[in-house]
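Chemist: Enclosed is the structure file start-v9.cif (mmCIF, C-alpha atoms).
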data_entry
loop_
_atom_site.group_PDB
_atom_site.id
_atom_site.type_symbol
_atom_site.label_atom_id
_atom_site.label_comp_id
_atom_site.auth_asym_id
_atom_site.auth_seq_id
_atom_site.Cartn_x
_atom_site.Cartn_y
_atom_site.Cartn_z
ATOM 1 C CA MET C 83 -6.685 -14.644 15.084
ATOM 2 C CA HIS C 84 -3.055 -13.902 14.237
ATOM 3 C CA ILE C 85 -2.257 -12.405 10.824
ATOM 4 C CA VAL C 86 1.329 -12.004 9.661
ATOM 5 C CA SER C 87 1.884 -8.859 7.586
ATOM 6 C CA GLU C 88 4.333 -5.958 7.733
ATOM 7 C CA LYS C 89 1.371 -3.565 7.363
ATOM 8 C CA ILE C 90 -0.586 -4.875 10.359
ATOM 9 C CA SER C 91 0.283 -3.783 13.895
ATOM 10 C CA ARG C 92 0.976 -6.423 16.530
ATOM 11 C CA ASN C 93 -2.105 -5.214 18.447
ATOM 12 C CA HIS C 94 -4.133 -3.823 15.566
ATOM 13 C CA ALA C 95 -7.810 -4.367 16.408
ATOM 14 C CA HIS C 96 -10.253 -6.398 18.481
ATOM 15 C CA LEU C 97 -13.184 -8.403 17.175
ATOM 16 C CA ILE C 98 -15.694 -9.055 19.934
ATOM 17 C CA LEU C 99 -18.626 -11.422 19.615
ATOM 18 C CA ASP C 100 -21.330 -10.657 22.175
ATOM 19 C CA GLY C 101 -24.231 -13.019 21.585
ATOM 20 C CA SER C 102 -25.292 -12.274 18.022
ATOM 21 C CA ARG C 103 -23.523 -8.891 17.935
ATOM 22 C CA LEU C 104 -20.029 -8.616 16.382
ATOM 23 C CA GLU C 105 -18.003 -5.504 17.186
ATOM 24 C CA LEU C 106 -14.758 -4.185 15.714
ATOM 25 C CA ILE C 107 -12.457 -1.833 17.657
ATOM 26 C CA ASP C 108 -9.283 -0.253 16.272
ATOM 27 C CA LEU C 109 -6.474 -0.241 18.846
ATOM 28 C CA GLY C 110 -4.593 2.766 17.482
ATOM 29 C CA SER C 111 -2.966 0.809 14.672
ATOM 30 C CA THR C 112 -0.307 2.462 12.528
ATOM 31 C CA ASN C 113 -1.978 1.830 9.157
ATOM 32 C CA GLY C 114 -5.567 1.998 10.336
ATOM 33 C CA THR C 115 -8.596 -0.247 10.370
ATOM 34 C CA PHE C 116 -11.188 0.245 7.662
ATOM 35 C CA LEU C 117 -14.849 -0.711 7.672
ATOM 36 C CA ASN C 118 -16.452 -0.511 4.229
ATOM 37 C CA SER C 119 -13.592 1.772 3.074
ATOM 38 C CA GLU C 120 -14.102 4.172 6.016
ATOM 39 C CA LEU C 121 -11.209 4.646 8.443
ATOM 40 C CA LEU C 122 -12.149 3.895 12.059
ATOM 41 C CA GLU C 123 -10.780 6.279 14.657
ATOM 42 C CA LYS C 124 -8.587 4.949 17.465
ATOM 43 C CA ASN C 125 -10.721 3.068 20.025
ATOM 44 C CA GLN C 126 -13.840 3.570 17.900
ATOM 45 C CA THR C 127 -16.300 0.673 18.174
ATOM 46 C CA ALA C 128 -18.266 -0.367 15.115
ATOM 47 C CA VAL C 129 -21.008 -2.980 14.978
ATOM 48 C CA LEU C 130 -20.487 -5.335 12.043
ATOM 49 C CA GLU C 131 -23.201 -6.715 9.815
ATOM 50 C CA ALA C 132 -23.325 -9.400 7.149
ATOM 51 C CA GLY C 133 -21.841 -8.036 3.930
ATOM 52 C CA ASP C 134 -19.398 -5.662 5.662
ATOM 53 C CA GLU C 135 -15.806 -5.440 4.456
ATOM 54 C CA ILE C 136 -13.031 -4.938 7.008
ATOM 55 C CA ARG C 137 -9.420 -4.178 6.135
ATOM 56 C CA PHE C 138 -6.331 -4.372 8.321
ATOM 57 C CA GLY C 139 -3.281 -3.065 6.443
ATOM 58 C CA ASP C 140 -3.072 -5.072 3.225
ATOM 59 C CA GLN C 141 -5.539 -7.789 4.305
ATOM 60 C CA THR C 142 -9.267 -7.618 3.483
ATOM 61 C CA PHE C 143 -12.018 -9.737 5.063
ATOM 62 C CA PHE C 144 -15.728 -9.975 4.398
ATOM 63 C CA ILE C 145 -18.389 -10.699 7.010
ATOM 64 C CA LYS C 146 -20.606 -13.418 5.556
ATOM 65 C CA SER C 147 -23.012 -13.839 8.465
ATOM 66 C CA ILE C 148 -23.278 -13.197 12.172
#
The structure given in the file should be rewritten as structure tokens.
Modeler:
Amino acid sequence: MHIVSEKISRNHAHLILDGSRLELIDLGSTNGTFLNSELLEKNQTAVLEAGDEIRFGDQTFFIKSI
């Protein structure tokens, strides 16, 4: 997915779908990656669940189902 925003780094984060498991990894972005309002550390992997909120810069997304 490609999102155009001045507040999102060119290589901001990875979303990885492995079977029924969805993972989010921050790639050292300038403005951070947030999961449920918590800042992820650089290269930190988080497993996403339905209902989670992820934010890249000024863009917010909600995980409806996995």
Chemist: So which residues touch Phe144 (chain C) within 10 Å, counting all atoms listed in the file, skipping near sequence neighbours fewer than 6 positions away, as a list of chain:residue names?
Modeler: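 Answer for this query is C:Leu117, C:Asn118, C:Glu131, C:Ala132, C:Gly133, C:Asp134, C:Glu135, C:Ile136, C:Arg137.
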Chemist: Would you mind listing what lies within 8 Å of region 125-129 of chain C as a ChimeraX atom specification, with all atoms listed in the file counted and same-chain residues fewer than 3 positions away left out?
Modeler: /C:103-110,122
Chemist: Those residues you just picked out, can you put them in a file as a PDB file, in the coordinates of the input with C-alpha atoms?
Modeler:
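Everything below was put into out-v7.pdb:
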ATOM      1  CA  ARG C 103     -23.523  -8.891  17.935  1.00  0.00           C
ATOM      2  CA  LEU C 104     -20.029  -8.616  16.382  1.00  0.00           C
ATOM      3  CA  GLU C 105     -18.003  -5.504  17.186  1.00  0.00           C
ATOM      4  CA  LEU C 106     -14.758  -4.185  15.714  1.00  0.00           C
ATOM      5  CA  ILE C 107     -12.457  -1.833  17.657  1.00  0.00           C
ATOM      6  CA  ASP C 108      -9.283  -0.253  16.272  1.00  0.00           C
ATOM      7  CA  LEU C 109      -6.474  -0.241  18.846  1.00  0.00           C
ATOM      8  CA  GLY C 110      -4.593   2.766  17.482  1.00  0.00           C
ATOM      9  CA  LEU C 122     -12.149   3.895  12.059  1.00  0.00           C
TER      10      LEU C 122
END
Chemist: Given the file above and the PyMOL selection byres ((chain C and resi 111) around 8), which residues are selected, and can you give them as number ranges by chain?
Modeler: C: 90-91, 93-95, 108-110, 112-115, 124
Chemist: Work out how far apart CA of Ile148 (chain C) and CA of Leu99 (chain C) are and give it in Å to one decimal.
Modeler: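 Interatomic distance, CA of Ile148 (chain C) to CA of Leu99 (chain C): 9.0 Å.
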Chemist: Can you tell me how far CA of Asp100 (chain C) sits from CA of Ile145 (chain C), in Å to one decimal?
Modeler: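 Answer for the CA of Asp100 (chain C) to CA of Ile145 (chain C) separation: 15.4 Å.
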Chemist: Adding 3 Å on each side of the box along x, y and z that holds all listed atoms of region 112-131 of chain C, could you give its centre and edge lengths in Å to one decimal, as lines of an AutoDock Vina configuration file?
Modeler:
center_x = -11.8
center_y = -0.2
center_z = 11.5
size_x = 28.9
size_y = 19.0
size_z = 23.0
